[in-house]
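Here is the structure we will look at.
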Amino acid sequence: MVESGIRALEHGLPDLPEEVIPPMTIPLAYWKTDTFGSVIFLAYQSESEGGFTPMTLHATYNRGSGVWVQRLPWYGSFAWYGPKGPLGSTDGLDGKAISKAFTAGHKGSESGEPALVVGGWHSAEVATISLVQDDEYTGQRATGHYGAWLIGSEIDEPWKVEARDRRGRLVGVVSSSPWSRSS
């Protein structure tokens, strides 16, 4: 799993396998700077009845001397909201275009780490996501598998993530406000 995260940071996401079989672990989305990387993985948790439940792991990496190195700990605490099965179209968003699954704070630019990494899920209609802080936009294509997304910032300021469709229309927003609602 460590190596597949490094490959995603170096070369982009691999194609999804034709069949996902537990205990496979697959990179779903990533975000990186020159010295920091973050990857969301699809993983499976064993059930007491012998089956498997899809879950998500969040891993971080540092880059030094041209090499990505895993950081510990890895987090497996946020739920799977991707498609049921897990293959198929994104669902589980209750009709929303975007949802936030986690926010991770880091040490900030003095340490070479971003101040913020945000991740979650988006519907199939979303083509781009943008992190907005202090009226500055950092955008990227929504390219994660199963609607997974990650984006981050080097500054610790209030933020929102805007989801737009292929025509550029705003279809959903999540924000740092505890009162915000996904749409």
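Labels used: A, B, ... for chains in the order of the structure tokens, numbers from 1 for residues in each chain, and numbers from 1 for ligands as shown.
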
Need to verify the contact set: Phe36 (chain A), 6 Å, only C-alpha atoms, exclusion of same-chain residues closer than 2 positions in sequence. Can you return it as a ChimeraX atom specification?
/A:32-33,61-63,113

Okay, now the selection with C-alpha atoms, as an mmCIF file, in the first residue's frame?
```cif
data_model
loop_
_atom_site.group_PDB
_atom_site.id
_atom_site.type_symbol
_atom_site.label_atom_id
_atom_site.label_comp_id
_atom_site.auth_asym_id
_atom_site.auth_seq_id
_atom_site.Cartn_x
_atom_site.Cartn_y
_atom_site.Cartn_z
ATOM 1 C CA LYS A 32 0.630 17.039 -3.302
ATOM 2 C CA THR A 33 3.078 19.897 -3.022
ATOM 3 C CA TYR A 61 4.027 11.358 2.766
ATOM 4 C CA ASN A 62 7.004 13.708 2.903
ATOM 5 C CA ARG A 63 9.422 14.206 0.050
ATOM 6 C CA GLU A 113 3.857 20.820 5.217
#
```

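CA of Pro27 (chain A) is found 9.9 Å from CA of Ala59 (chain A).
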
Near-region 142-144 of chain A list (6 Å; only C-alpha atoms; drop same-chain fewer than 4 positions) as a count of residues only
6

Looking at only C-alpha atoms, which of A:Leu42, A:Ile6, A:Ile21, A:Ala101 is the one that sits closest to Val67 (chain A)?
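Of the candidates, the smallest distance to Val67 (chain A) is held by A:Ile6.
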
Between CA of Leu131 (chain A) and CA of Glu10 (chain A), what is the distance in Å, rounded to a tenth?
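Value for the CA of Leu131 (chain A)-CA of Glu10 (chain A) distance: 22.4 Å.
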
In Å to one decimal, how far is CA of Gly66 (chain A) from CA of Gly37 (chain A)?
12.8 Å

Could you tell me which of A:Met55, A:Val117, A:Val20, A:Ala124 comes closest to Gly95 (chain A) if we count only C-alpha atoms?
A:Ala124

From the list A:Gly168, A:Gly105, A:Gly147, A:Pro17, which residue is nearest Leu93 (chain A) when using only C-alpha atoms?
A:Gly147

Near-Pro22 (chain A) list (9 Å; only C-alpha atoms; drop same-chain fewer than 4 positions) as a ChimeraX atom specification
/A:43-45,52-54

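Counting only C-alpha atoms and comparing A:Trp31, A:Phe102, A:Trp68, A:Trp121, the residue that lies closest to His145 (chain A) is A:Trp121.
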
Name the residues in contact with region 134-141 of chain A at a cut-off of 9 Å, using only C-alpha atoms, excluding same-chain residues fewer than 6 positions from it; report them as an MDAnalysis selection string.
chainID A and resid 126:128 151:153 157:159 162

Pick out the closest residue to Gln133 (chain A) from this set: A:Arg167, A:Ser175, A:Leu150, A:Glu19. Count only C-alpha atoms.
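Between A:Arg167, A:Ser175, A:Leu150, A:Glu19, the residue approaching Gln133 (chain A) most closely is A:Ser175.
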